[in-house]
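Novice: Quick one, run_5.txt (compact mmCIF, C-alpha atoms):
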```txt
# COMPACT_ATOMS: atom_id res chain seq x y z
CA MET A 8 66.66 120.34 152.46
CA ILE A 9 69.54 118.60 150.72
CA GLU A 10 67.07 116.45 148.76
CA ASN A 11 65.92 119.52 146.82
CA VAL A 12 69.52 120.10 145.67
CA PHE A 13 69.72 116.45 144.58
CA ILE A 14 66.48 116.79 142.57
CA ILE A 15 67.70 119.98 140.87
CA VAL A 16 71.01 118.33 139.86
CA ILE A 17 69.20 115.27 138.47
CA GLY A 18 66.87 117.58 136.53
CA ALA A 19 69.91 119.32 135.04
CA ALA A 20 71.25 115.92 133.92
CA ILE A 21 67.92 115.10 132.24
CA ILE A 22 67.94 118.49 130.48
CA LEU A 23 71.46 117.77 129.13
CA CYS A 24 70.22 114.43 127.76
CA LEU A 25 67.23 116.13 126.14
CA LEU A 26 69.59 118.66 124.50
CA ARG A 27 71.57 115.78 122.97
CA MET A 28 68.29 114.24 121.85
CA MET A 29 67.45 117.46 120.01
CA LEU A 30 70.94 118.03 118.55
CA GLY A 31 71.94 114.44 117.79
CA PRO A 32 73.07 113.99 114.20
CA THR A 33 72.06 110.34 113.77
CA THR A 34 69.20 108.20 115.01
CA PRO A 35 71.27 105.99 117.40
CA ASP A 36 72.42 109.20 119.13
CA ARG A 37 68.85 110.06 119.98
CA ALA A 38 68.11 106.50 121.08
CA VAL A 39 71.16 106.52 123.41
CA ALA A 40 70.12 109.89 124.86
CA LEU A 41 66.59 108.59 125.44
CA ASP A 42 67.91 105.46 127.18
CA THR A 43 70.17 107.54 129.44
CA ALA A 44 67.38 109.99 130.28
CA SER A 45 65.04 107.11 131.15
CA THR A 46 67.52 105.49 133.53
CA ILE A 47 68.09 108.87 135.21
CA THR A 48 64.31 109.29 135.50
CA THR A 49 64.03 105.98 137.35
CA ALA A 50 66.43 107.24 140.01
CA LEU A 51 64.55 110.56 140.11
CA LEU A 52 61.26 108.75 140.78
CA VAL A 53 62.72 106.91 143.76
CA LEU A 54 64.14 110.17 145.13
CA LEU A 55 60.77 111.92 144.65
CA GLY A 56 59.11 109.10 146.56
CA PHE A 57 61.50 109.75 149.42
CA VAL A 58 60.77 113.50 149.38
CA PHE A 59 56.98 113.12 149.23
CA LYS A 60 56.96 110.12 151.64
CA ARG A 61 54.90 108.01 149.25
CA TYR A 62 55.69 104.29 149.03
CA ILE A 63 53.80 103.89 145.73
CA TYR A 64 56.53 105.76 143.83
CA LEU A 65 58.82 102.75 144.18
CA ASP A 66 56.30 100.63 142.27
CA VAL A 67 56.05 103.32 139.61
CA ALA A 68 59.85 103.36 139.33
CA LEU A 69 60.01 99.57 138.95
CA VAL A 70 57.39 99.49 136.19
CA TYR A 71 59.05 102.47 134.47
CA GLY A 72 62.41 100.67 134.53
CA ILE A 73 60.90 97.54 132.96
CA LEU A 74 59.15 99.56 130.21
CA THR A 75 62.37 101.50 129.52
CA PHE A 76 64.34 98.28 129.10
CA ILE A 77 61.78 96.78 126.72
CA GLY A 78 61.56 100.02 124.73
CA ALA A 79 65.32 100.34 124.30
CA VAL A 80 65.66 96.74 123.12
CA ILE A 81 62.79 97.17 120.65
CA ILE A 82 64.30 100.39 119.26
CA ALA A 83 67.63 98.58 118.80
CA ARG A 84 65.93 95.71 116.97
CA PHE A 85 64.14 98.19 114.74
CA LEU A 86 67.39 99.98 113.88
CA GLU A 87 69.12 96.70 113.03
CA ARG A 88 66.67 95.05 110.69
CA GLY A 89 63.60 97.23 110.32
CA ILE A 90 60.05 96.28 111.13
CA MET B 26 70.94 109.02 157.98
CA TRP B 27 74.24 110.68 157.10
CA VAL B 28 75.47 107.52 155.39
CA GLY B 29 72.36 107.55 153.20
CA ILE B 30 72.82 111.22 152.32
CA ILE B 31 76.48 110.67 151.37
CA VAL B 32 75.68 107.60 149.23
CA THR B 33 72.83 109.44 147.50
CA GLY B 34 75.07 112.46 146.87
CA VAL B 35 77.72 110.30 145.22
CA GLY B 36 75.04 108.74 143.03
CA VAL B 37 73.63 112.12 142.03
CA ILE B 38 77.10 113.37 141.07
CA PHE B 39 77.57 110.29 138.88
CA LEU B 40 74.17 110.86 137.25
CA PHE B 41 75.07 114.47 136.42
CA LEU B 42 78.41 113.37 134.96
CA GLY B 43 76.55 110.84 132.81
CA GLY B 44 74.26 113.50 131.42
CA LEU B 45 77.20 115.83 130.78
CA GLY B 46 79.07 113.05 128.97
CA VAL B 47 76.07 112.32 126.75
CA LEU B 48 76.01 115.97 125.72
CA ARG B 49 79.75 116.62 125.33
CA LEU B 50 81.43 113.50 123.90
CA PRO B 51 82.11 113.43 120.14
CA ASP B 52 80.81 110.05 119.01
CA VAL B 53 77.85 107.73 119.50
CA TYR B 54 80.02 104.99 121.02
CA ASN B 55 81.68 107.38 123.48
CA ARG B 56 78.26 108.72 124.42
CA LEU B 57 77.13 105.14 124.98
CA GLN B 58 80.07 104.62 127.36
CA ALA B 59 79.22 107.70 129.41
CA GLY B 60 75.49 107.11 129.31
CA THR B 61 75.79 103.51 130.45
CA LYS B 62 78.55 103.36 133.04
CA CYS B 63 77.95 106.61 134.90
CA THR B 64 74.20 106.21 134.80
CA THR B 65 74.17 102.61 136.01
CA LEU B 66 76.47 103.34 138.95
CA GLY B 67 74.71 106.61 139.75
CA ALA B 68 71.22 105.10 139.74
CA PHE B 69 72.43 102.18 141.85
CA PHE B 70 73.95 104.49 144.47
CA THR B 71 70.96 106.84 144.48
CA ILE B 72 68.40 104.09 145.01
CA ILE B 73 70.50 102.29 147.64
CA GLY B 74 70.99 105.63 149.43
CA VAL B 75 67.23 106.19 149.56
CA GLY B 76 66.87 102.66 150.92
CA ILE B 77 69.40 103.45 153.65
CA MET B 78 67.69 106.72 154.54
CA GLU B 79 64.26 105.03 154.77
CA PRO B 80 64.92 101.53 156.21
CA ASP B 81 61.39 100.21 155.60
CA TRP B 82 61.87 100.64 151.84
CA PHE B 83 65.23 98.92 151.66
CA TRP B 84 64.27 95.61 150.08
CA LYS B 85 62.14 97.04 147.28
CA ALA B 86 64.83 99.65 146.61
CA LEU B 87 67.38 96.85 146.40
CA LEU B 88 65.11 95.04 143.91
CA ILE B 89 64.91 98.13 141.67
CA ALA B 90 68.67 98.68 141.94
CA ILE B 91 69.50 95.10 140.97
CA PHE B 92 67.06 95.27 138.07
CA ILE B 93 68.75 98.45 136.77
CA LEU B 94 72.16 96.83 137.27
CA ILE B 95 71.09 93.95 134.99
CA ALA B 96 68.88 95.73 132.44
CA SER B 97 70.84 98.89 131.63
CA PRO B 98 73.99 97.17 130.21
CA ILE B 99 71.80 94.82 128.13
CA SER B 100 69.86 97.64 126.48
CA SER B 101 73.04 99.64 125.90
CA HIS B 102 74.71 96.62 124.33
CA ALA B 103 71.76 96.21 121.99
CA LEU B 104 71.90 99.90 121.05
CA GLY B 105 75.66 99.78 120.40
CA ARG B 106 75.31 96.67 118.25
CA ALA B 107 72.48 98.33 116.31
CA SER B 108 74.55 101.47 115.68
CA CYS B 109 77.49 99.32 114.52
CA LYS B 110 75.30 97.43 112.09
CA THR B 111 73.63 100.61 110.89
CA GLY B 112 77.05 101.98 109.95
CA VAL B 113 77.51 105.01 112.17
CA PRO B 114 81.12 106.20 111.64
CA LEU B 115 83.68 106.57 114.41
CA CYS B 116 85.01 109.99 115.34
CA LYS B 117 88.26 111.27 113.83
CA GLN B 118 90.37 110.79 116.96
CA SER B 119 89.68 107.04 117.05
CA VAL B 120 92.74 104.81 116.82
CA VAL B 121 91.49 101.26 116.27
CA ASP B 122 88.25 99.76 114.94
CA LYS B 123 87.89 96.11 115.90
CA SER B 124 84.36 95.86 114.57
CA LYS B 125 85.51 95.14 111.03
CA GLU B 126 86.74 91.70 112.15
CA PHE B 127 83.17 90.50 112.64
CA ASP B 128 80.96 89.32 109.84
CA GLU B 129 77.93 91.31 110.95
CA CYS B 130 79.68 94.64 110.59
CA LYS B 131 81.44 93.83 107.33
CA GLU B 132 78.18 94.25 105.49
CA LYS B 133 78.30 97.99 106.02
CA GLU B 134 81.47 98.22 103.90
CA LYS B 135 79.80 96.89 100.77
```
As a first step, turn the structure in this file into structure tokens.

Specialist:
Amino acid sequence: MIENVFIIVIGAAIILCLLRMMLGPTTPDRAVALDTASTITTALLVLLGFVFKRYIYLDVALVYGILTFIGAVIIARFLERGI
Amino acid sequence: MWVGIIVTGVGVIFLFLGGLGVLRLPDVYNRLQAGTKCTTLGAFFTIIGVGIMEPDWFWKALLIAIFILIASPISSHALGRASCKTGVPLCKQSVVDKSKEFDECKEKEK
């Protein structure tokens, strides 16, 4: 029961990050909002795996975390010196 | 069980505060602070809490938590350095700007 409240609060946090990603005046703002939303999504995937009782969600969360890390570093490199 | 629910609740509160800080703070560097610190601690507590609630999953949950604990500050550091070198200005309430002492960020003045 309480897990549904947790999932709703995490969804609200992701929606706040997406609002900043729409409003953000500069490009690094949007990149920071995307990075934050991705890290929150990793925690949300683990919590969804607990709610649905599926062990495979932990693997999905691990791969999603690795891809998020690589994507954030590549976006930072692109902002510094271009392609 | 109750310990896991309490730890997960603390983590979820930290995650919500991180999202709120990303929306409300005035500057890209302040947003980076909120989006890194709150989110790292919140994700760590949430995943460890799930691992406590479901003891068979504990070791893989610990692996994910430690990976987030290492990877999130690195990516945020790279993003902050990129925004400094791109020349994003500080907000008006800022008091000190130490980034002008470094050679990499002096190029934005020219």

Novice: I'd like a table as CSV: residues in segment 62-130 of chain B with an atom no more than 8 Å from segment 51-73 of chain A, each row giving the shortest atom pair and its distance in Å to one decimal, all atoms listed in the file counted, sorted by chain and rising residue number.

Specialist:
```
residue,atom,partner,partner_atom,distance
B:Thr71,CA,A:Leu54,CA,7.6
B:Ile72,CA,A:Val53,CA,6.5
B:Val75,CA,A:Leu54,CA,6.7
B:Glu79,CA,A:Phe57,CA,7.6
B:Trp82,CA,A:Tyr62,CA,7.7
B:Lys85,CA,A:Leu65,CA,7.3
B:Ala86,CA,A:Leu65,CA,7.2
B:Ile89,CA,A:Leu69,CA,5.8
B:Phe92,CA,A:Gly72,CA,8.0
B:Ile93,CA,A:Gly72,CA,7.1
```

Novice: Between B:Ala68, B:Gly60, B:Phe41, B:Val32, single out the one closest to Ala50 of chain A, counting only C-alpha atoms.

Specialist: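 Under the stated criterion, the closest residue is B:Ala68.
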
Novice: Considering only C-alpha atoms, return as a ChimeraX atom specification whatever protein or nucleic-acid residues lie within 10 Å of segment 104-114 of chain B, sequence-local ones (same chain, fewer than 3 positions apart) excluded.

Specialist: /A:33-36,38-39,42,79-88 /B:52-54,57-58,98-101,117,124-125,129-134

Novice: Assuming 4 Å of padding per side, give the centre and edge lengths of the axis-aligned box around every listed atom of segment 29-40 of chain A, in Å to one decimal and as AutoDock Vina command-line options.

Specialist:
```
--center_x 70.3 --center_y 112.0 --center_z 119.3 --size_x 13.6 --size_y 20.0 --size_z 19.1
```

Novice: If I take atom CA of Met78 of chain B and atom CA of Ile14 of chain A, how far is one from the other in Å, to one decimal?

Specialist: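 Atom-to-atom, atom CA of Met78 of chain B to atom CA of Ile14 of chain A, that is 15.7 Å.
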
Novice: Counting all atoms listed in the file, figure out which residue out of A:Leu41, A:Leu30, A:Leu25, A:Ala20 gets nearest to chain B.

Specialist: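 Result for the nearest residue to chain B: A:Ala20.
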
Novice: Return the single residue from B:Gly44, B:Gly67, B:Ser119, B:Phe39 that is closest to chain A, with distances computed using only C-alpha atoms.

Specialist: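 With only C-alpha atoms as the atom set, the closest residue is B:Gly44.
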
Novice: Hey, can you check how far atom CA of Leu88 of chain B sits from atom CA of Val12 of chain A?

Specialist: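 Value for the atom CA of Leu88 of chain B-atom CA of Val12 of chain A distance: 25.5 Å.
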
Novice: Excluding Cys24 of chain A and its own-chain neighbours fewer than 2 positions away, which residues fall within 10 Å of it when counting only C-alpha atoms? Please give them as a PyMOL selection string.

Specialist: (chain A and resi 18-22+26-30+37+39-45+47) or (chain B and resi 41+43-48+60)
